[in-house]
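The structure under discussion appears below in the form of structure tokens.
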Amino acid sequence: MKRGSADLSIIGTSVPRVDAVNKVLGRTKYVADLQLEFPELLHAAVLRSPHAHARVLTLDTSRAERLPGVTAVVTGKDCPKTIAWTTQRILAEEEVIWAGEGVAAVVADTPEIAADALELIQVRYEKLPAVFDAEEAAKKEPPTVVDRNLGRHPGGPQFAPEFPNVTGSYELHTGNLEQGFANADVIVENRYSTGRISQSQLEPAACIARCEPDGKLTIWTNGQGVHIIKGMLSDLFSLSHSKVHVISPYQGGSFGNRIRYHQAEALAALLALRTKVTVALTFSRREMYLGSPGGLPIITRVRTGAKRDGTIVAQDLDVLVNNGASYACQQDGRAAGSGAICVYRQPNVSMRTRGVNTNTPWAGAYRGLGSPQVTWAVESQMDILAARLGMSVVDIRLKNILNRGERNAYGEMVESIGAARCVEAVAKAIRIDEPSVHEAGPWRRGKGLAVGGKQNTPRGRSEATVLVHDDASIEVRFGSDEVGNGAETVMTQIAAEEFRVPGQTVRVVRGDSATTPYDTYSASSFTTYNTGNAVRLACREAIGIIRRAAAPLLQSGEHDLEVADGCVGIRGVPGSGLQISDLFKPFSLFKDERLPELRKGTPIIGHGIFAPSPPVAWDKKNGQTPKMWNWYQYNACAVEIAVNVETGEIKILKAAVAADMGFPINPKLCEGQMEGGLAMAIGTSVMEEFLYRDGVMINPSFGDYRIPTVSETPTRENVAILFAPDPLPDGPWGAKGIAEGSVLAVGPAIGNALYNATAVRVYDLPLSAERVLAALKASAPPVAA
Amino acid sequence: MNFHGRTKPHLRLTINGVTREFLVAPTTTLLELVRSKLGLTGAKRGCDDGNCGACTMLIDGAAVKTCIVLALQVQGREVVTIEGLGSPQQLHPLQQAFLDHFASQCGYCTPGMILTAKALLDEYPNATEHDIRDALHGTICRCTGYVKIVEAIEAARDSRV
């Protein structure tokens with residue numbers, strides 16, 4: 001039996017992606033590519049509000065309905081009432097609450113006719129006062145209330161009637177804050193902010209919804225979580241689960257955009273159910289900005305106290321999360337706040353987090369779930385303290401980073417934390433102690449580093465099914481997503497490892513609510529952990545069946561048998577193996593015999609269910625709990641930048657990224673996540689921002705919302721990717737997750753490098769050229785007369 | 001004025017080596033034509049305004065963003081899509097390099113990246129990393145951070161020697 005290093009045959013090896021051949025050939029089908037398979041297909045288009053907050057006075061769709069080629073027009077009154085906390089409302093009715101909210105939808109023979117029909121819909125709006133600023137919106141008497149229902153549990157009271165735009169709040173109090181500050185030798189207080197961002201994954205949202213004559217609904221979608229979507233549609237349209245079928249083919253990126261995306265599926269389903277045909281709903285790029293959930297702007301006020309030796313003795317934080325006009329991915333901002341709790345020892349900390357609504361496009365899950373934004377604040381503070389104390393930026397962090405076996409400020413036991421080694425790795429790679437070389441001209445160089453952690457949300461169970469066919473080939477069925485994250489490849493590796501076979505023997509079937517077992521969506525970096533553990537359990541059940549069938553034939557106890565290379569044999573006895581395919585007995589039509597347990601044509605089926613242990617409700621008074629989240633992934637980043645003091649432009653010259661992912665199941669895929677996260681975070685740190693006029697986004701295109709091209713990233717030899725894994729006890733082979741870690745520390749590393757280069761600190765992301773130049777000018781000494 | 005379904009001028013062009021004739025509405029883009037009339041869905045719609053390169057095809061050897069090219073503009077030209085490159089039995093060297101170097105994650109930008117790289121290497125077989133970055137800067141990837149894409153193109157370049 002072949003064995004790789006460390007007794008593993010394929011886990012830990014960079015096997016090629018199982019979906020890559022079709023991707024390089026251009027054969028992979030995404031949702032919009034399936035349209036040709038439906039000759040009867042009709043096309044939908046959505047009319048969106050041009051105002052951030054307005055009453056809909058009149059809405060006349062009659063001219064649109066009469067346009068030849070138009071099958072149906074629907075408005076808010078045709079939509080089922082959505083359930084708060086599960087689905088964004090489908091179309092507005094009496095009031096629109098953000099510029100881009102849908103007010104009507106048409107179904108027509110072609111996309112062109114549908115677009116023409118939108119122009120024939122006549123809407124009269126009465127503009128209402130609007131609020132865009134999160135701090136204004138969070139006040140007792142805000143300029144306007146976005147929607148009184150947003151902060152309300154179904155059938156329940158509003159969360160905070162006195163603060164009508166605040167949808168939730170969380171408070172943590174550990175130790176004695178006052179005493180902590182009294183003992184501090186140095187205290188630093190600042191306000192940090194981040195801008196509104198968009199995941200900008202390349203494939204726009206798309207659905208195809210078909211209604212059969214018997215009322216059965218089938219939806220092909222690039223939304224995430226086929227079972228989640230199925231459940232939502234069943235509830236919304238009062239359909240039995242047997243009448244709803246959701247399929248997700250390959251998805252072109254997500255970074256959180258496709259989670260809670262159900263508004264698109266709900267609208268497509270509504271249109272299909274009404275017209276009884278097949279309807280395609282595809283978002284334009286502009287609609288991705290105006291009508292799909294982007295990333296949260298977060299304001300963090302933080303006051304930090306430290307002793308002369310760098311020990312953090314007190315920290316007071318206020319985290320305000322701007323959810324836009326939405327039912328809120330983060331009603332209470334708690335997930336964002338976790339970034340401030342999971343890295344450092346905090347004996348005396350107070351943190352208040354809040355979610356607030358504004359009349360801006362709805363925000364939702366974005367890679368990092370708010371932790372990068374809070375890490376921006378915390379890691380800038382660490383460098384400011386280091387400068388005040390004359391300490392190195394590495395030493396101050398190493399002094400305070402938690403160790404395994406300690407408890408963090410929530411009260412959770414720290415099980416796995418590679419943060420310190422991540423810091424050391426990037427510091428060494430960028431040679432943080434060597435000052436940058438200075439050159440003549442307007443470019444100033446500087447170096448900076450930062451570290452961050454990201455929680456993992458326990459989202460309940462994943463299930464997996466593994467089939468062993470009578471030719472000994474293996475089929476893994478699971479229900480979550482392949483958005484580019486490599487889930488299909490990792491599950492292939494896991495099954496191949498369990499059965500000790502080459503990866504080519506394993507096939508994956510994924511993302512179909514009718515044929516793949518229950519799973520949640522691929523989010524919070526937990527697919528390898530949650531679904532991976534389920535796949536392992538399913539493999540073991542199938543292997544158990546094989547051993548039980550082979551035991552009498554080998555005259556051995558089941559537990560002395562092992563499976564590898566398509567054989568089952570006695571452990572330690574070479575040559576004792578039977579071919580697994582020989583265990584499947586043909587069943588004769590002509591003989592009356594007992595059914596053999598393993599029969600030709602019928603696969604062995606193993607099923608696995610994995611759920612992490614659930615969180616423990618936190619103490620209402622102090623916010624503490626032994627289990628707020630599941631595990632944490634960690635990441636450090638160090639950069640060398642050049643900033644142009646005449647234009648404010650920042651170039652990233654060199655970058656080092658180190659990740660604690662627990663264990664790298666596929667090292668090359670891990671590198672890919674880290675390189676991708678670095679580029680994405682460069683974008684949100686120096687380039688990307690929603691710009692508004694009266695709450696209307698004025699840059700909803702790749703031309704004006706600029707995301708990094710290759711030119712904005714360092715050259716290949718200037719990117720260092722480093723692994724510093726700390727195994728997780730219940731992760732598959734110690735693996736945690738990696739997808740989000742690499743966006744955590746990039747922003748503050750760049751901000752710290754900017755300070756290193758210019759002695760100017762900017763507190764607001766993105767560090768756009770305009771913002772940096774203004775800060776440089778504001779701090780420049782006055783010109784002598 | 002409504003052009004849809006009315007005047008449809010005649011278009012003749014070569015796609016992946018096969019000459020074809022169509023009647024197309026003047027407003028039809030080359031991207032729409034190739035995807036819907038020929039079912040060649042490798043070229044993708046990503047941004048609607050020629051910024052992301054997911055719609056890239058080769059027109060007479062040059063990498064062109066076809067979401068902003070009207071089909072009638074390529075009268076008589078030679079168009080190559082990703083489907084015209086390689087086969088499951090024999091991948092084009094660029095396709096093999098993308099596979100070997102993990103240069104594709106979600107895969108949505110991959111056809112555009114490969115064709116853009118092909119246009120570059122066909123014209124500049126000794127393209128440097130600087131040349132590659134220059135050629136790719138109009139084709140966006142959100143997943144990979146470009147490192148392995150550049151690595152793959154350099155490997156394909158080196159394998160041609």
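By order in the structure tokens, chains are A, B, ...; within a chain, residues start at 1; ligands start at 1, following the order shown.
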Kindly provide the residues of stretch 146-252 of chain A that approach stretch 116-133 of chain A to within 12 Å, each paired with its closest atom pair and their distance in Å to one decimal, based on only C-alpha atoms, listed by chain and increasing number, as a tab-separated table.
residue	atom	partner	partner_atom	distance
A:Val146	CA	A:Ala130	CA	7.7
A:Asp147	CA	A:Ala130	CA	11.2
A:Asn165	CA	A:Val131	CA	9.8
A:Ser193	CA	A:Asp133	CA	11.6
A:Gly195	CA	A:Asp133	CA	11.3
A:Arg196	CA	A:Phe132	CA	11.3
| query | Got a sec: who's within 7 Å of B:Arg142, counting only C-alpha atoms, leaving out chain neighbours fewer than 6 positions off, as a PyMOL selection string? | reply | chain A and resi 201-202+676+680
| message | Need to verify the contact set: B:Leu30, 12 Å, only C-alpha atoms, exclusion of same-chain residues closer than 4 positions in sequence. Can you return it as a PyMOL selection string? | response | chain B and resi 11+13+15+22+24-26+34-38+40+43-45+55-59+64-75+77+79-81
| task | Excluding B:Glu123 and any residue of its chain fewer than 4 positions from it, enumerate the residues within 10 Å of it, using only C-alpha atoms, and give them as number ranges by chain. | result | B: 61-62, 117-119, 127
| field | Nearest to chain A by atom-to-atom distance, counting only C-alpha atoms, from B:Asp60, B:Glu32, B:Asp134, B:Glu154 | value |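 For chain A, the nearest of the candidates is B:Asp134.
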| message | Please list as a list in words every residue within 9 Å of A:Gln179, counting only C-alpha atoms and excluding residues in the same chain fewer than 3 positions away. | response |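 Result of the neighbour search: Gly175, Asn176, Ala182, Asn183, Ala184, Val313, Ala314 and Asn348 of chain A.
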